[in-house]
Amino acid sequence: QVQVVESGGGSVQAGGSLRLSCTVSGYTSNINCLAWFRQAPGQEREGVAAISFRGGGRAWFVDSVKGRFTISQRNGRSAVYLQMNRLKPEDTAMYYCAAARTCENGGGWYVNVAGMDYWGKGTLVNISS
C-alpha cells in the first residue's frame, strides 16, 4: 500500500504565494508519477501539475497555471512540492496529491483522475480578492 499526505494549504490574498507539500510512503517502488489535482465547489476534479520520474523529472501543467506554478521533487519519489505564485481567486479549491505507476509516455501526458492509483485527503487553498 501507498500512503499520500498533503500539507501547506491556507488562505492568502490574490497575488500571494503558497507551497503545498506531498509526502508519499509505503511501497513506492512502482510509483513513477506524482501529481496535483484540485476540485472547486461544484466542479470536477482537474489535474494541475505532474512530475514523471521515468521522464527524468519532466513536468506537466494545466494551461491555467503555466508560468505561475512549479512542481519539484525531493528525496527521490517520496516527496513533491507545488509552488504556487501569483495566486488568483479562481485557484481556490481543495488540492489533492495523487500517485500513479505512470502518467507520461514518450512525451504524451495523461494526468486524469482515473489514471491515479493513490490519493491523499486534500488540503484547502483559499484565495481572497
# chains A, B, ... in the order shown; residues from 1 in each chain; ligands from 1
call {"tool": "residues_around", "arguments": {"residues": "Arg19 in chain A", "least_positions_apart": "3", "cutoff": "8 Å", "atoms": "only C-alpha atoms", "output": "PyMOL selection string"}}
result
chain A and resi 8-9+81-84
call {"tool": "write_last_selection", "arguments": {"atoms": "all heavy atoms", "output": "PDB file, in the first residue's frame"}}
result
ATOM      1  N   GLY A   8       0.173  22.213   3.703  1.00  0.00           N
ATOM      2  CA  GLY A   8       0.586  23.507   3.186  1.00  0.00           C
ATOM      3  C   GLY A   8      -0.521  24.403   2.691  1.00  0.00           C
ATOM      4  O   GLY A   8      -0.265  25.536   2.286  1.00  0.00           O
ATOM      5  N   GLY A   9      -1.751  23.939   2.725  1.00  0.00           N
ATOM      6  CA  GLY A   9      -2.844  24.795   2.282  1.00  0.00           C
ATOM      7  C   GLY A   9      -3.060  25.955   3.248  1.00  0.00           C
ATOM      8  O   GLY A   9      -2.489  26.007   4.328  1.00  0.00           O
ATOM      9  N   TYR A  81       6.651  18.950  -4.194  1.00  0.00           N
ATOM     10  CA  TYR A  81       6.145  20.241  -3.786  1.00  0.00           C
ATOM     11  C   TYR A  81       5.446  20.919  -4.958  1.00  0.00           C
ATOM     12  O   TYR A  81       5.839  20.754  -6.101  1.00  0.00           O
ATOM     13  CB  TYR A  81       7.279  21.140  -3.303  1.00  0.00           C
ATOM     14  CG  TYR A  81       8.057  20.555  -2.153  1.00  0.00           C
ATOM     15  CD1 TYR A  81       9.360  20.121  -2.335  1.00  0.00           C
ATOM     16  CD2 TYR A  81       7.488  20.459  -0.891  1.00  0.00           C
ATOM     17  CE1 TYR A  81      10.072  19.581  -1.283  1.00  0.00           C
ATOM     18  CE2 TYR A  81       8.201  19.919   0.159  1.00  0.00           C
ATOM     19  CZ  TYR A  81       9.492  19.481  -0.037  1.00  0.00           C
ATOM     20  OH  TYR A  81      10.200  18.950   1.005  1.00  0.00           O
ATOM     21  N   LEU A  82       4.442  21.676  -4.637  1.00  0.00           N
ATOM     22  CA  LEU A  82       3.794  22.523  -5.628  1.00  0.00           C
ATOM     23  C   LEU A  82       3.922  23.965  -5.148  1.00  0.00           C
ATOM     24  O   LEU A  82       3.282  24.349  -4.168  1.00  0.00           O
ATOM     25  CB  LEU A  82       2.324  22.146  -5.811  1.00  0.00           C
ATOM     26  CG  LEU A  82       1.580  22.923  -6.899  1.00  0.00           C
ATOM     27  CD1 LEU A  82       2.117  22.536  -8.281  1.00  0.00           C
ATOM     28  CD2 LEU A  82       0.070  22.670  -6.822  1.00  0.00           C
ATOM     29  N   GLN A  83       4.774  24.726  -5.826  1.00  0.00           N
ATOM     30  CA  GLN A  83       4.939  26.129  -5.509  1.00  0.00           C
ATOM     31  C   GLN A  83       3.955  26.926  -6.340  1.00  0.00           C
ATOM     32  O   GLN A  83       3.986  26.866  -7.575  1.00  0.00           O
ATOM     33  CB  GLN A  83       6.365  26.588  -5.803  1.00  0.00           C
ATOM     34  CG  GLN A  83       6.621  28.062  -5.536  1.00  0.00           C
ATOM     35  CD  GLN A  83       6.525  28.427  -4.074  1.00  0.00           C
ATOM     36  OE1 GLN A  83       7.011  27.698  -3.207  1.00  0.00           O
ATOM     37  NE2 GLN A  83       5.894  29.559  -3.775  1.00  0.00           N
ATOM     38  N   MET A  84       3.088  27.653  -5.670  1.00  0.00           N
ATOM     39  CA  MET A  84       2.043  28.401  -6.365  1.00  0.00           C
ATOM     40  C   MET A  84       2.265  29.885  -6.143  1.00  0.00           C
ATOM     41  O   MET A  84       2.205  30.372  -5.006  1.00  0.00           O
ATOM     42  CB  MET A  84       0.667  27.979  -5.837  1.00  0.00           C
ATOM     43  CG  MET A  84       0.431  26.473  -5.884  1.00  0.00           C
ATOM     44  SD  MET A  84      -1.237  25.993  -5.427  1.00  0.00           S
ATOM     45  CE  MET A  84      -1.260  26.482  -3.711  1.00  0.00           C
TER      46      MET A  84
END
call {"tool": "residues_around", "arguments": {"residues": "Trp119 in chain A", "least_positions_apart": "3", "cutoff": "12 Å", "atoms": "only C-alpha atoms", "output": "list in words"}}
result
Gln1, Val2, Gln3, Val4, Val5, Glu6, Cys22, Thr23, Val24, Ser25, Leu34, Ala35, Trp36, Phe37, Arg38, Tyr95, Tyr96, Cys97, Ala98, Ala99, Ala100, Val113, Ala114, Gly115, Met116, Gly122 and Thr123 of chain A
call {"tool": "write_last_selection", "arguments": {"atoms": "C-alpha atoms", "output": "PDB file, in the first residue's frame"}}
result
ATOM      1  CA  GLN A   1       0.000   0.000   0.000  1.00  0.00           C
ATOM      2  CA  VAL A   2       0.985   3.603  -0.544  1.00  0.00           C
ATOM      3  CA  GLN A   3       0.098   6.476   1.734  1.00  0.00           C
ATOM      4  CA  VAL A   4      -0.201  10.013   0.412  1.00  0.00           C
ATOM      5  CA  VAL A   5      -0.367  13.033   2.704  1.00  0.00           C
ATOM      6  CA  GLU A   6      -0.679  16.687   1.687  1.00  0.00           C
ATOM      7  CA  CYS A  22       3.064  15.926  -0.580  1.00  0.00           C
ATOM      8  CA  THR A  23       4.711  13.029   1.180  1.00  0.00           C
ATOM      9  CA  VAL A  24       4.429   9.504  -0.171  1.00  0.00           C
ATOM     10  CA  SER A  25       5.300   6.446   1.887  1.00  0.00           C
ATOM     11  CA  LEU A  34       3.194  12.255  -8.594  1.00  0.00           C
ATOM     12  CA  ALA A  35       0.514  14.730  -9.472  1.00  0.00           C
ATOM     13  CA  TRP A  36      -1.564  17.528  -8.024  1.00  0.00           C
ATOM     14  CA  PHE A  37      -5.263  17.864  -8.680  1.00  0.00           C
ATOM     15  CA  ARG A  38      -7.779  20.397  -7.464  1.00  0.00           C
ATOM     16  CA  TYR A  95      -5.896  20.389  -3.655  1.00  0.00           C
ATOM     17  CA  TYR A  96      -5.126  16.695  -3.783  1.00  0.00           C
ATOM     18  CA  CYS A  97      -1.874  14.868  -4.281  1.00  0.00           C
ATOM     19  CA  ALA A  98      -2.009  11.619  -6.198  1.00  0.00           C
ATOM     20  CA  ALA A  99       0.454   8.879  -7.043  1.00  0.00           C
ATOM     21  CA  ALA A 100       0.440   6.654 -10.088  1.00  0.00           C
ATOM     22  CA  VAL A 113      -8.465  11.074 -12.102  1.00  0.00           C
ATOM     23  CA  ALA A 114      -8.928   7.570 -13.470  1.00  0.00           C
ATOM     24  CA  GLY A 115      -5.215   7.141 -14.037  1.00  0.00           C
ATOM     25  CA  MET A 116      -4.158   7.758 -10.465  1.00  0.00           C
ATOM     26  CA  GLY A 122      -6.568  17.013   0.305  1.00  0.00           C
ATOM     27  CA  THR A 123      -5.554  20.395   1.606  1.00  0.00           C
TER      28      THR A 123
END
call {"tool": "residues_around", "arguments": {"residues": "Gly106 in chain A", "least_positions_apart": "5", "cutoff": "12 Å", "atoms": "only C-alpha atoms", "output": "tab-separated table (two decimals) with all heavy atoms, in the first residue's frame"}}
result
chain	number	residue	atom	x	y	z
A	52	SER	N	7.04	13.36	-13.70
A	52	SER	CA	7.29	11.98	-14.09
A	52	SER	C	8.71	11.58	-13.75
A	52	SER	O	9.66	12.20	-14.23
A	52	SER	CB	7.05	11.81	-15.60
A	52	SER	OG	7.46	10.53	-16.03
A	54	ARG	N	10.02	8.64	-14.56
A	54	ARG	CA	10.53	7.96	-15.74
A	54	ARG	C	11.05	8.96	-16.75
A	54	ARG	O	11.96	8.70	-17.50
A	54	ARG	CB	9.44	7.12	-16.38
A	54	ARG	CG	9.23	5.79	-15.74
A	54	ARG	CD	8.15	5.01	-16.46
A	54	ARG	NE	7.96	3.71	-15.86
A	54	ARG	CZ	6.96	2.90	-16.15
A	54	ARG	NH1	6.05	3.26	-17.04
A	54	ARG	NH2	6.85	1.71	-15.58
A	55	GLY	N	10.43	10.11	-16.75
A	55	GLY	CA	10.80	11.14	-17.71
A	55	GLY	C	11.92	12.02	-17.24
A	55	GLY	O	12.07	13.12	-17.76
A	56	GLY	N	12.67	11.55	-16.25
A	56	GLY	CA	13.78	12.35	-15.76
A	56	GLY	C	13.36	13.61	-15.07
A	56	GLY	O	14.08	14.61	-15.07
A	58	ARG	N	10.53	15.26	-15.80
A	58	ARG	CA	9.73	16.14	-16.66
A	58	ARG	C	8.44	16.49	-15.96
A	58	ARG	O	7.90	15.71	-15.19
A	58	ARG	CB	9.43	15.46	-17.99
A	58	ARG	CG	10.53	15.55	-19.01
A	58	ARG	CD	10.01	15.25	-20.39
A	58	ARG	NE	9.51	13.90	-20.49
A	58	ARG	CZ	10.23	12.90	-21.00
A	58	ARG	NH1	11.46	13.12	-21.41
A	58	ARG	NH2	9.70	11.69	-21.10
call {"tool": "residues_around", "arguments": {"residues": "range 88-91 of chain A", "least_positions_apart": "5", "cutoff": "12 Å", "atoms": "only C-alpha atoms", "output": "VMD selection string"}}
result
chain A and resid 9 to 18 37 to 41 43 46 48 64 to 65 68 to 69 124 to 129
call {"tool": "write_last_selection", "arguments": {"atoms": "N, CA, C and O atoms", "output": "compact mmCIF listing (two decimals), in the first residue's frame"}}
result
# COMPACT_ATOMS: atom_id res chain seq x y z
N GLY A 9 -1.75 23.94 2.72
CA GLY A 9 -2.84 24.80 2.28
C GLY A 9 -3.06 25.96 3.25
O GLY A 9 -2.49 26.01 4.33
N GLY A 10 -3.88 26.88 2.82
CA GLY A 10 -4.18 28.03 3.68
C GLY A 10 -4.92 29.10 2.91
O GLY A 10 -5.39 28.86 1.79
N SER A 11 -4.99 30.26 3.53
CA SER A 11 -5.69 31.39 2.92
C SER A 11 -4.71 32.52 2.69
O SER A 11 -3.99 32.91 3.61
N VAL A 12 -4.70 33.03 1.47
CA VAL A 12 -3.87 34.18 1.13
C VAL A 12 -4.65 35.10 0.21
O VAL A 12 -5.65 34.69 -0.39
N GLN A 13 -4.16 36.31 0.07
CA GLN A 13 -4.79 37.24 -0.85
C GLN A 13 -4.30 37.00 -2.27
O GLN A 13 -3.23 36.43 -2.49
N ALA A 14 -5.09 37.44 -3.20
CA ALA A 14 -4.70 37.33 -4.60
C ALA A 14 -3.34 37.98 -4.82
O ALA A 14 -3.04 39.04 -4.26
N GLY A 15 -2.52 37.31 -5.62
CA GLY A 15 -1.17 37.78 -5.87
C GLY A 15 -0.13 37.15 -4.96
O GLY A 15 1.07 37.28 -5.22
N GLY A 16 -0.59 36.49 -3.92
CA GLY A 16 0.32 35.86 -2.97
C GLY A 16 0.78 34.49 -3.43
O GLY A 16 0.50 34.06 -4.55
N SER A 17 1.49 33.81 -2.54
CA SER A 17 2.09 32.51 -2.85
C SER A 17 1.80 31.50 -1.74
O SER A 17 1.62 31.88 -0.58
N LEU A 18 1.77 30.26 -2.13
CA LEU A 18 1.69 29.14 -1.19
C LEU A 18 2.52 28.00 -1.74
O LEU A 18 2.67 27.88 -2.97
N PHE A 37 -3.95 17.58 -8.12
CA PHE A 37 -5.26 17.86 -8.68
C PHE A 37 -5.94 18.90 -7.79
O PHE A 37 -5.53 19.12 -6.65
N ARG A 38 -6.99 19.50 -8.29
CA ARG A 38 -7.78 20.40 -7.46
C ARG A 38 -9.25 20.26 -7.82
O ARG A 38 -9.60 19.90 -8.96
N GLN A 39 -10.06 20.57 -6.84
CA GLN A 39 -11.50 20.50 -7.05
C GLN A 39 -12.16 21.66 -6.33
O GLN A 39 -12.10 21.75 -5.10
N ALA A 40 -12.77 22.53 -7.11
CA ALA A 40 -13.52 23.65 -6.55
C ALA A 40 -14.96 23.21 -6.31
O ALA A 40 -15.43 22.24 -6.94
N PRO A 41 -15.67 23.88 -5.43
CA PRO A 41 -17.07 23.51 -5.16
C PRO A 41 -17.89 23.47 -6.44
O PRO A 41 -17.88 24.41 -7.22
N GLN A 43 -17.41 21.75 -9.02
CA GLN A 43 -16.62 21.49 -10.21
C GLN A 43 -16.03 20.09 -10.18
O GLN A 43 -15.93 19.47 -9.13
N GLU A 46 -9.72 18.37 -11.39
CA GLU A 46 -8.88 18.55 -12.57
C GLU A 46 -7.40 18.43 -12.21
O GLU A 46 -6.98 18.80 -11.11
N VAL A 48 -3.65 19.53 -12.19
CA VAL A 48 -2.98 20.83 -12.15
C VAL A 48 -1.53 20.72 -12.60
O VAL A 48 -1.07 21.51 -13.41
N SER A 64 -3.92 26.80 -17.28
CA SER A 64 -4.31 27.91 -16.41
C SER A 64 -3.28 28.24 -15.34
O SER A 64 -3.37 29.31 -14.72
N VAL A 65 -2.31 27.38 -15.12
CA VAL A 65 -1.31 27.65 -14.08
C VAL A 65 0.10 27.78 -14.64
O VAL A 65 1.03 28.06 -13.89
N ARG A 68 2.98 30.22 -13.45
CA ARG A 68 2.70 30.62 -12.06
C ARG A 68 3.05 29.52 -11.06
O ARG A 68 3.48 29.80 -9.94
N PHE A 69 2.84 28.28 -11.45
CA PHE A 69 3.09 27.15 -10.56
C PHE A 69 4.32 26.39 -11.01
O PHE A 69 4.60 26.29 -12.22
N LEU A 124 -6.85 22.44 1.76
CA LEU A 124 -7.68 23.51 1.23
C LEU A 124 -6.86 24.77 0.95
O LEU A 124 -6.08 25.22 1.79
N VAL A 125 -7.07 25.33 -0.23
CA VAL A 125 -6.43 26.59 -0.63
C VAL A 125 -7.54 27.60 -0.89
O VAL A 125 -8.45 27.34 -1.69
N ASN A 126 -7.47 28.73 -0.22
CA ASN A 126 -8.48 29.77 -0.38
C ASN A 126 -7.80 31.09 -0.72
O ASN A 126 -6.95 31.58 0.03
N ILE A 127 -8.15 31.63 -1.86
CA ILE A 127 -7.54 32.87 -2.33
C ILE A 127 -8.62 33.96 -2.34
O ILE A 127 -9.63 33.85 -3.03
N SER A 128 -8.36 35.00 -1.58
CA SER A 128 -9.32 36.10 -1.50
C SER A 128 -8.90 37.23 -2.43
O SER A 128 -7.72 37.47 -2.65
N SER A 129 -9.90 37.93 -2.94
CA SER A 129 -9.61 39.02 -3.89
C SER A 129 -9.37 40.33 -3.16
O SER A 129 -9.61 40.46 -1.96
call {"tool": "closest_residue", "arguments": {"among": "A:Ser72, A:Ser7, A:Ser21, A:Asn32", "to": "Thr102 in chain A", "atoms": "only C-alpha atoms"}}
result
A:Asn32
call {"tool": "atom_distance", "arguments": {"atom1": "CA of Asn75 in chain A", "atom2": "CA of Thr92 in chain A"}}
result
28.4 Å
call {"tool": "select_by_dssp", "arguments": {"residues": "range 38-104 of chain A", "states": "strand (DSSP E)", "output": "NGL selection string"}}
result
:A and (38-39 or 46-52 or 58-61 or 69-74 or 79-84 or 93-100 or 104)
call {"tool": "closest_residue", "arguments": {"among": "A:Cys33, A:Lys121, A:Arg74, A:Ala93", "to": "Ala50 in chain A", "atoms": "only C-alpha atoms"}}
result
A:Cys33
call {"tool": "closest_residue", "arguments": {"among": "A:Lys66, A:Ser78, A:Asn85, A:Asn112", "to": "Phe53 in chain A", "atoms": "only C-alpha atoms"}}
result
A:Ser78
call {"tool": "atom_distance", "arguments": {"atom1": "CA of Val111 in chain A", "atom2": "CA of Gly57 in chain A"}}
result
15.0 Å
call {"tool": "select_by_dssp", "arguments": {"residues": "range 2-122 of chain A", "states": "helix (DSSP H, G or I)", "output": "compact mmCIF listing (two decimals) with C-alpha atoms, in the first residue's frame"}}
result
# COMPACT_ATOMS: atom_id res chain seq x y z
CA ASP A 63 -2.69 25.78 -19.10
CA SER A 64 -4.31 27.91 -16.41
CA VAL A 65 -1.31 27.65 -14.08
CA PRO A 89 -9.30 33.71 -6.63
CA GLU A 90 -10.06 31.07 -9.25
CA ASP A 91 -7.26 28.95 -7.79
CA VAL A 113 -8.47 11.07 -12.10
CA ALA A 114 -8.93 7.57 -13.47
CA GLY A 115 -5.21 7.14 -14.04
call {"tool": "atom_distance", "arguments": {"atom1": "CA of Gln73 in chain A", "atom2": "CA of Arg45 in chain A"}}
result
22.5 Å
